[in-house]
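Structure below is model.csv: CSV, C-alpha atoms and all ligand atoms.
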```
chain,number,residue,atom,x,y,z
A,1,MET,CA,143.1,50.6,78.4
A,2,GLN,CA,142.4,53.2,75.8
A,3,GLY,CA,138.8,54.0,74.5
A,4,LYS,CA,137.0,53.4,77.8
A,5,ILE,CA,133.4,54.5,78.0
A,6,ALA,CA,132.1,55.7,81.4
A,7,LEU,CA,128.5,56.2,82.3
A,8,GLU,CA,128.0,57.4,85.9
A,9,GLU,CA,129.6,60.8,85.4
A,10,HIS,CA,127.9,63.8,86.9
A,11,PHE,CA,127.7,67.6,86.4
A,12,ALA,CA,125.6,70.2,88.2
A,13,LEU,CA,123.7,73.3,87.1
A,14,GLU,CA,124.2,76.4,89.3
A,15,GLU,CA,120.7,75.7,90.7
A,16,THR,CA,121.4,72.1,91.7
A,17,LEU,CA,124.9,72.7,93.0
A,18,GLU,CA,123.8,73.0,96.6
A,19,ASP,CA,122.5,69.4,96.6
A,20,SER,CA,126.1,68.3,96.5
A,21,ARG,CA,127.6,70.6,99.1
A,22,ARG,CA,127.0,68.2,102.0
A,23,TYR,CA,129.3,65.6,100.4
A,24,ALA,CA,132.5,67.6,100.7
A,25,PRO,CA,134.0,69.2,103.9
A,26,PRO,CA,134.1,73.0,103.6
A,27,SER,CA,137.8,72.7,102.8
A,28,HIS,CA,137.0,70.7,99.6
A,29,TRP,CA,133.8,72.3,98.5
A,30,PRO,CA,135.5,74.8,96.1
A,31,GLU,CA,137.1,71.9,94.4
A,32,LEU,CA,134.0,69.7,94.2
A,33,ARG,CA,132.0,72.8,93.0
A,34,SER,CA,134.4,73.5,90.2
A,35,ARG,CA,134.5,69.8,89.2
A,36,LEU,CA,130.7,69.7,89.0
A,37,LEU,CA,130.4,72.9,86.9
A,38,ASP,CA,133.1,71.9,84.4
A,39,ILE,CA,132.2,69.8,81.3
A,40,GLN,CA,134.4,70.9,78.4
A,41,ASP,CA,137.7,71.7,80.1
A,42,ARG,CA,139.3,69.8,82.9
A,43,ARG,CA,136.9,66.9,82.4
A,44,LEU,CA,138.1,66.3,78.8
A,45,ARG,CA,141.8,66.6,79.9
A,46,LEU,CA,141.2,64.0,82.6
A,47,MET,CA,139.5,61.7,80.1
A,48,ASP,CA,142.4,62.1,77.6
A,49,ALA,CA,144.9,61.4,80.3
A,50,HIS,CA,143.2,58.2,81.5
A,51,GLY,CA,142.0,56.6,78.4
A,52,VAL,CA,138.3,57.6,78.7
A,53,GLU,CA,137.0,58.2,75.2
A,54,MET,CA,133.4,59.0,76.2
A,55,MET,CA,131.4,59.9,79.2
A,56,LEU,CA,127.6,59.6,79.4
A,57,LEU,CA,126.7,62.6,81.6
A,58,SER,CA,124.0,63.0,84.2
A,59,LEU,CA,122.8,65.6,86.7
A,60,ASN,CA,124.0,65.5,90.4
A,61,SER,CA,121.9,63.9,93.1
A,62,PRO,CA,119.1,64.3,94.2
A,63,ALA,CA,118.3,67.4,92.1
A,64,VAL,CA,115.0,66.8,90.3
A,65,GLN,CA,114.1,64.0,92.7
A,66,GLY,CA,114.4,66.4,95.6
A,67,VAL,CA,111.9,69.0,94.2
A,68,PRO,CA,108.6,68.3,95.9
A,69,HIS,CA,106.3,69.6,93.3
A,70,ALA,CA,105.8,67.8,90.0
A,71,THR,CA,105.5,70.8,87.7
A,72,LYS,CA,108.6,72.5,89.3
A,73,ALA,CA,110.5,69.2,89.0
A,74,ALA,CA,109.5,68.9,85.4
A,75,GLU,CA,110.7,72.5,84.7
A,76,LEU,CA,114.1,71.7,86.3
A,77,ALA,CA,114.4,68.5,84.4
A,78,ARG,CA,113.8,70.3,81.2
A,79,ARG,CA,116.3,73.0,81.9
A,80,ALA,CA,118.9,70.4,82.9
A,81,ASN,CA,118.3,68.3,79.8
A,82,ASP,CA,118.4,71.3,77.5
A,83,PHE,CA,121.7,72.4,79.0
A,84,LEU,CA,123.1,68.9,78.7
A,85,ALA,CA,122.0,68.7,75.1
A,86,GLU,CA,124.0,71.9,74.3
A,87,GLN,CA,127.1,70.5,76.0
A,88,VAL,CA,126.9,67.2,74.2
A,89,ALA,CA,126.4,69.0,70.9
A,90,LYS,CA,129.8,70.7,71.4
A,91,ARG,CA,131.6,67.3,71.7
A,92,PRO,CA,129.4,64.5,70.4
A,93,ASP,CA,132.5,62.4,70.0
A,94,ARG,CA,133.2,62.6,73.7
A,95,PHE,CA,129.8,63.0,75.5
A,96,ARG,CA,126.3,61.6,75.5
A,97,GLY,CA,123.4,62.5,77.8
A,98,PHE,CA,121.2,60.8,80.3
A,99,ALA,CA,117.8,62.5,80.9
A,100,ALA,CA,116.9,63.8,84.3
A,101,LEU,CA,113.2,63.0,84.9
A,102,PRO,CA,110.3,64.4,87.0
A,103,MET,CA,109.3,61.0,88.4
A,104,GLN,CA,107.0,62.8,90.8
A,105,ASP,CA,104.5,62.5,87.9
A,106,ALA,CA,104.7,59.5,85.7
A,107,GLU,CA,103.1,61.2,82.7
A,108,LEU,CA,105.4,64.2,82.9
A,109,ALA,CA,108.4,61.8,83.3
A,110,ALA,CA,107.3,59.8,80.2
A,111,ALA,CA,106.9,63.0,78.2
A,112,GLU,CA,110.3,64.3,79.2
A,113,LEU,CA,112.0,61.0,78.4
A,114,ARG,CA,110.3,60.9,75.0
A,115,ARG,CA,111.5,64.4,74.3
A,116,ALA,CA,115.0,63.7,75.6
A,117,VAL,CA,115.4,60.6,73.5
A,118,THR,CA,113.6,61.6,70.3
A,119,GLU,CA,114.5,65.3,70.1
A,120,LEU,CA,117.7,65.7,72.2
A,121,GLY,CA,119.3,62.3,71.2
A,122,PHE,CA,119.8,61.2,74.8
A,123,VAL,CA,120.8,57.5,75.4
A,124,GLY,CA,118.6,56.8,78.4
A,125,ALA,CA,117.5,58.2,81.8
A,126,LEU,CA,119.4,58.5,85.1
A,127,VAL,CA,117.1,59.0,88.1
A,128,ASN,CA,118.3,59.7,91.7
A,129,GLY,CA,116.2,57.3,93.7
A,130,PHE,CA,112.7,58.0,95.1
A,131,SER,CA,111.0,61.4,94.4
A,132,GLU,CA,109.7,63.8,96.9
A,133,LEU,CA,106.0,64.6,96.4
A,134,ASP,CA,105.2,67.4,98.8
A,135,ASP,CA,106.5,69.5,101.6
A,136,ALA,CA,105.0,67.1,104.2
A,137,GLY,CA,107.6,64.5,103.3
A,138,ALA,CA,105.6,62.2,101.0
A,139,THR,CA,107.7,60.2,98.6
A,140,THR,CA,107.2,57.8,95.7
A,141,TYR,CA,109.2,54.8,94.6
A,142,TYR,CA,108.7,53.6,91.1
A,143,ASP,CA,107.0,50.2,91.6
A,144,THR,CA,103.6,51.8,92.0
A,145,ALA,CA,100.6,51.4,89.6
A,146,ASP,CA,101.0,55.1,88.9
A,147,HIS,CA,104.3,54.4,87.2
A,148,GLU,CA,103.0,51.7,84.9
A,149,ALA,CA,102.6,54.0,81.9
A,150,PHE,CA,106.0,55.5,82.4
A,151,TRP,CA,107.6,52.0,82.2
A,152,SER,CA,105.6,51.3,79.1
A,153,GLU,CA,107.2,54.3,77.5
A,154,VAL,CA,110.7,53.4,78.7
A,155,GLU,CA,110.2,50.0,77.1
A,156,ARG,CA,108.8,51.5,73.9
A,157,LEU,CA,111.7,53.9,73.6
A,158,ASP,CA,114.0,51.0,74.3
A,159,VAL,CA,116.5,52.9,76.4
A,160,PRO,CA,118.3,51.9,79.7
A,161,PHE,CA,117.2,53.5,83.0
A,162,TYR,CA,120.0,54.2,85.5
A,163,LEU,CA,118.8,54.0,89.1
A,164,HIS,CA,121.2,56.2,90.9
A,165,PRO,CA,121.5,56.7,94.7
A,166,ARG,CA,120.2,59.4,97.0
A,167,ASN,CA,120.0,59.5,100.8
A,168,PRO,CA,116.8,58.6,102.6
A,169,LEU,CA,114.8,61.5,104.1
A,170,PRO,CA,115.4,62.2,107.8
A,171,GLN,CA,112.2,60.6,108.9
A,172,ASP,CA,113.2,57.4,107.2
A,173,ALA,CA,116.8,57.5,108.4
A,174,ARG,CA,116.4,57.0,112.1
A,175,ILE,CA,118.7,53.9,111.9
A,176,TYR,CA,121.5,56.4,111.0
A,177,ALA,CA,120.8,58.8,113.9
A,178,GLY,CA,124.0,59.7,115.7
A,179,HIS,CA,125.9,57.8,113.0
A,180,GLU,CA,125.7,60.2,110.1
A,181,TRP,CA,129.0,59.0,108.6
A,182,LEU,CA,127.0,56.0,107.3
A,183,LEU,CA,124.9,58.2,105.1
A,184,GLY,CA,125.9,58.9,101.5
A,185,PRO,CA,128.3,56.7,99.6
A,186,SER,CA,129.6,54.9,102.8
A,187,TRP,CA,126.4,52.9,103.2
A,188,GLY,CA,123.1,54.8,103.0
A,189,PHE,CA,123.2,55.3,99.3
A,190,GLY,CA,123.7,51.6,98.6
A,191,GLN,CA,121.0,50.5,101.1
A,192,GLU,CA,118.5,52.9,99.7
A,193,THR,CA,119.2,52.0,96.1
A,194,ALA,CA,119.3,48.2,96.6
A,195,VAL,CA,115.9,48.2,98.3
A,196,HIS,CA,114.5,50.3,95.5
A,197,ALA,CA,115.8,47.9,93.0
A,198,LEU,CA,114.3,45.0,94.9
A,199,ARG,CA,111.0,46.8,95.1
A,200,LEU,CA,110.9,47.0,91.3
A,201,ILE,CA,111.7,43.3,91.1
A,202,GLY,CA,109.1,42.2,93.7
A,203,SER,CA,106.4,44.3,92.1
A,204,GLY,CA,106.4,42.1,89.0
A,205,LEU,CA,107.5,45.1,86.9
A,206,PHE,CA,109.8,42.9,84.8
A,207,ASP,CA,107.0,40.3,84.1
A,208,ARG,CA,104.9,43.1,82.7
A,209,HIS,CA,107.9,44.8,80.9
A,210,PRO,CA,110.5,42.1,80.2
A,211,ARG,CA,112.5,44.3,77.9
A,212,LEU,CA,113.3,47.0,80.6
A,213,ARG,CA,117.1,47.4,81.3
A,214,ILE,CA,118.0,48.9,84.7
A,215,VAL,CA,121.5,50.0,85.4
A,216,LEU,CA,122.9,50.1,89.0
A,217,GLY,CA,126.2,51.7,90.0
A,218,HIS,CA,128.7,50.8,92.6
A,219,LEU,CA,129.0,47.2,91.3
A,220,GLY,CA,125.3,46.6,92.0
A,221,GLU,CA,124.8,48.4,95.4
A,222,GLY,CA,125.7,45.2,97.3
A,223,LEU,CA,123.1,43.0,95.6
A,224,PRO,CA,125.4,40.5,93.8
A,225,TYR,CA,126.9,39.6,97.2
A,226,SER,CA,123.4,39.0,98.6
A,227,LEU,CA,121.6,37.5,95.6
A,228,TRP,CA,121.8,33.9,96.6
A,229,ARG,CA,120.5,34.6,100.1
A,230,ILE,CA,117.6,36.7,99.0
A,231,ASP,CA,116.2,33.7,97.0
A,232,ASN,CA,117.4,30.9,99.2
A,233,ARG,CA,116.8,32.0,102.8
A,234,ASN,CA,115.1,29.4,105.0
A,235,ALA,CA,115.2,26.9,102.1
A,236,TRP,CA,113.9,24.1,104.4
A,237,ILE,CA,110.5,25.9,104.5
A,238,GLY,CA,110.3,26.0,100.7
A,239,ALA,CA,108.1,29.0,100.6
A,240,ARG,CA,108.4,31.3,97.6
A,241,HIS,CA,108.4,35.1,98.3
A,242,PRO,CA,104.9,36.4,98.8
A,243,TYR,CA,105.4,39.0,96.1
A,244,ALA,CA,103.7,39.9,92.8
A,245,ALA,CA,106.7,38.8,90.7
A,246,ARG,CA,106.5,35.3,89.0
A,247,ARG,CA,110.2,34.3,89.2
A,248,ARG,CA,113.2,34.4,91.5
A,249,VAL,CA,114.9,37.7,92.2
A,250,ALA,CA,118.1,36.3,90.6
A,251,ASP,CA,116.2,35.6,87.4
A,252,TYR,CA,115.3,39.3,86.9
A,253,PHE,CA,118.7,40.5,88.2
A,254,LEU,CA,120.4,38.4,85.5
A,255,GLU,CA,118.1,39.5,82.7
A,256,ASN,CA,117.0,43.0,83.4
A,257,PHE,CA,120.0,44.6,85.2
A,258,HIS,CA,123.4,45.9,84.3
A,259,LEU,CA,126.0,47.0,86.8
A,260,THR,CA,128.8,49.7,86.7
A,261,THR,CA,132.0,50.0,88.5
A,262,SER,CA,131.3,53.5,89.7
A,263,GLY,CA,132.9,54.4,93.0
A,264,ASN,CA,133.8,50.7,93.8
A,265,PHE,CA,137.3,50.1,92.6
A,266,ARG,CA,137.9,46.8,94.2
A,267,THR,CA,138.9,43.7,92.2
A,268,GLN,CA,137.6,41.2,94.8
A,269,THR,CA,134.1,42.9,94.5
A,270,LEU,CA,134.3,43.0,90.7
A,271,VAL,CA,135.2,39.3,90.6
A,272,ASP,CA,132.1,38.5,92.8
A,273,ALA,CA,129.9,40.5,90.4
A,274,LEU,CA,131.5,38.7,87.4
A,275,LEU,CA,130.8,35.3,89.0
A,276,GLU,CA,127.2,36.3,89.7
A,277,VAL,CA,126.1,38.2,86.6
A,278,GLY,CA,128.9,37.7,84.0
A,279,ALA,CA,131.1,40.0,82.0
A,280,ASP,CA,128.4,41.1,79.6
A,281,ARG,CA,126.5,42.9,82.3
A,282,ILE,CA,129.2,45.0,83.9
A,283,LEU,CA,130.3,48.4,82.6
A,284,PHE,CA,133.1,50.7,83.5
A,285,SER,CA,132.3,54.0,85.3
A,286,THR,CA,134.2,56.4,87.5
A,287,ASP,CA,131.5,58.5,89.4
A,288,TRP,CA,133.4,61.7,88.6
A,289,PRO,CA,133.4,64.2,90.2
A,290,PHE,CA,132.7,62.4,93.5
A,291,GLU,CA,135.5,59.9,92.8
A,292,ASN,CA,138.7,60.5,90.8
A,293,VAL,CA,139.0,59.4,87.2
A,294,ASP,CA,142.6,58.3,87.9
A,295,HIS,CA,141.5,56.2,90.8
A,296,ALA,CA,138.9,54.4,88.7
A,297,ALA,CA,141.1,54.1,85.5
A,298,ASP,CA,144.4,53.1,87.2
A,299,TRP,CA,142.5,50.4,89.1
A,300,PHE,CA,140.5,49.1,86.2
A,301,ASP,CA,143.4,49.2,83.7
A,302,SER,CA,145.4,46.8,85.8
A,303,ALA,CA,142.7,44.8,87.6
A,304,ALA,CA,143.4,41.0,87.5
A,305,ILE,CA,140.8,40.1,84.9
A,306,SER,CA,141.2,38.8,81.4
A,307,GLU,CA,141.8,41.3,78.6
A,308,HIS,CA,138.7,39.9,77.0
A,309,ASP,CA,136.6,40.9,80.0
A,310,ARG,CA,138.4,44.3,80.3
A,311,ARG,CA,137.5,45.1,76.7
A,312,LYS,CA,133.8,44.2,77.3
A,313,ILE,CA,133.5,46.1,80.7
A,314,GLY,CA,135.6,49.0,79.6
A,315,ARG,CA,134.0,49.7,76.2
A,316,ASP,CA,132.1,47.1,74.3
A,317,ASN,CA,129.2,46.5,76.7
A,318,ALA,CA,128.5,50.2,76.7
A,319,ARG,CA,128.6,50.4,73.0
A,320,SER,CA,126.0,47.8,72.6
A,321,LEU,CA,123.8,48.7,75.6
A,322,PHE,CA,123.6,52.4,74.4
A,323,ARG,CA,123.9,51.7,70.7
A,324,LEU,CA,126.9,54.0,70.3
A,325,GLY,CA,127.7,52.6,66.9
A,326,ASP,CA,130.3,50.2,65.6
A,327,ASP,CA,134.0,50.5,66.1
B,1,LIG,C1,127.4,59.7,93.6
B,1,LIG,O1,127.0,60.3,92.6
B,1,LIG,O2,127.5,58.5,93.6
B,1,LIG,C2,127.8,60.5,94.8
B,1,LIG,C3,127.1,61.6,95.2
B,1,LIG,C4,127.5,62.3,96.3
B,1,LIG,C5,128.5,61.9,97.1
B,1,LIG,C6,129.2,60.8,96.7
B,1,LIG,C7,128.9,60.0,95.6
B,1,LIG,O3,126.1,62.0,94.4
B,1,LIG,O4,129.6,58.9,95.3
B,2,ZN,ZN,127.1,58.8,91.1
```

Target format structure tokens, applied to this file:
Amino acid sequence: MQGKIALEEHFALEETLEDSRRYAPPSHWPELRSRLLDIQDRRLRLMDAHGVEMMLLSLNSPAVQGVPHATKAAELARRANDFLAEQVAKRPDRFRGFAALPMQDAELAAAELRRAVTELGFVGALVNGFSELDDAGATTYYDTADHEAFWSEVERLDVPFYLHPRNPLPQDARIYAGHEWLLGPSWGFGQETAVHALRLIGSGLFDRHPRLRIVLGHLGEGLPYSLWRIDNRNAWIGARHPYAARRRVADYFLENFHLTTSGNFRTQTLVDALLEVGADRILFSTDWPFENVDHAADWFDSAAISEHDRRKIGRDNARSLFRLGDD
């Protein structure tokens, strides 16, 4: 399919490169490094070769979320967003930007999002999971009362918020001890991100801010497959979840969430997501440079779905979610 739009597509600054080194063996680090630093060259050639008209770009992980001081995190976010705005300005026909945000401080995050959307023309935010707060290992997820004003601003600016994975900190990763192969994209990323999304749901965030739109990658970080069970476990007891939210988890998942195909190029899994959330809420992505554009595109272009759904997932849903203009 020509004209695809992809939205989980990363780059790095020199100062955030090191965060990605652990995800490639030393033999492949030079390649990953050069992929991350490139925007205007090889990336565009790959897009041309595989029918990707546009990439919505975001910083690598965890980057800003891994900076344990709010003002330093805010400075890094600002540098990253300014750099990305310059890159997008060179090829506005091929690129758009997602804002990196210092979620360590909700006020600073709201201010940077406002700046990124209103001054830099960004289409939303992409945040890499929880944020580190201090050197003692304190962290914050975004379902806390502290983040209420931030979410009000996201709703007011009316832009999607992409919740992207990161690994748990070592003190929270004991279940993976001795089995480090499970960290990262194999399993840890999805587990971490799915729980964060469920925390947002259970906190009642979407009752207070019903117009929020959260994007999850990797075909929903496993949540579509578990959606029924989350709401219907122990049905004979008939107890609703003792959480602050008013409705079932599935109600919010179907109304406030969108999923991308990033890094999960499996038709069986896509069909499950289609059956659970429908073709209007799934969007094509590759996860370049951690996955190959050709692997994503070759799979998607020939996946056994209808051409109608392929068009929506490959292009039209992104155009409407991010208001990219009419064809
Ligand atoms: C991702 O962005 O999804 C990612 C990383 C690091 C390793 C693998 C991966 O950030 O898919
Ligand atoms: Zn990614």

Which one of A:Leu76, A:Met54, A:Ala63, A:Leu46 sits closest to ligand LIG 1 (chain B) if you count all atoms listed in the file?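 Closest to ligand LIG 1 (chain B) of all the choices is A:Ala63.
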
Tell me, counting all atoms listed in the file, for each residue of region 53-120 of chain A within 10 Å of region 152-170 of chain A, which pair of atoms is nearest and how far apart they are in Å to one decimal, in rows ordered by chain and increasing number, as CSV.
```
residue,atom,partner,partner_atom,distance
A:Ser58,CA,A:Tyr162,CA,9.8
A:Asn60,CA,A:His164,CA,9.7
A:Ser61,CA,A:Arg166,CA,6.2
A:Pro62,CA,A:Arg166,CA,5.7
A:Ala63,CA,A:Arg166,CA,9.6
A:Gln65,CA,A:Arg166,CA,8.8
A:Gly66,CA,A:Arg166,CA,9.2
A:Phe98,CA,A:Tyr162,CA,8.5
A:Ala99,CA,A:Phe161,CA,9.3
A:Glu107,CA,A:Glu153,CA,9.6
A:Ala109,CA,A:Glu153,CA,9.6
A:Ala110,CA,A:Glu153,CA,6.1
A:Ala111,CA,A:Glu153,CA,8.7
A:Leu113,CA,A:Val154,CA,7.7
A:Arg114,CA,A:Leu157,CA,7.3
A:Val117,CA,A:Leu157,CA,7.7
A:Thr118,CA,A:Leu157,CA,8.6
```

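With a cut-off of 9 Å and using only C-alpha atoms and all ligand atoms, the polymer residues contacting ligand ZN 2 (chain B) are Glu8, Glu9, His10, Ser58, Asn60, Ser61, Asn128, His164, Pro165, Pro185, Gly217, His218, Ser262, Gly263, Thr286, Asp287, Trp288, Pro289, Phe290 and Glu291 of chain A.
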
Work out how far apart CA of Gln171 (chain A) and CA of Arg199 (chain A) are and give it in Å to one decimal.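 So the answer is 19.6 Å.
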
Neighbours of Tyr243 (chain A) within 9 Å (all atoms listed in the file; same-chain residues fewer than 4 positions away dropped), as a PyMOL selection string? chain A and resi 202-204

Å distance separating CA of Gly184 (chain A) from CA of Ser131 (chain A), one decimal place: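 Separating CA of Gly184 (chain A) from CA of Ser131 (chain A) is a distance of 16.7 Å.
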
So what do you get for CA of Arg310 (chain A) versus CA of Lys4 (chain A), distance-wise? 9.5 Å

Using only C-alpha atoms, pick whichever of A:Val123, A:Ala235, A:Ala145, A:Ala49 has the shortest atom-to-atom distance to Leu7 (chain A).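 Selected residue with least distance to Leu7 (chain A): A:Val123.
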
Using only C-alpha atoms for the distances, tell me which of A:Arg78, A:Phe150, A:Thr260, A:Ile201 is nearest to Ile230 (chain A). A:Ile201
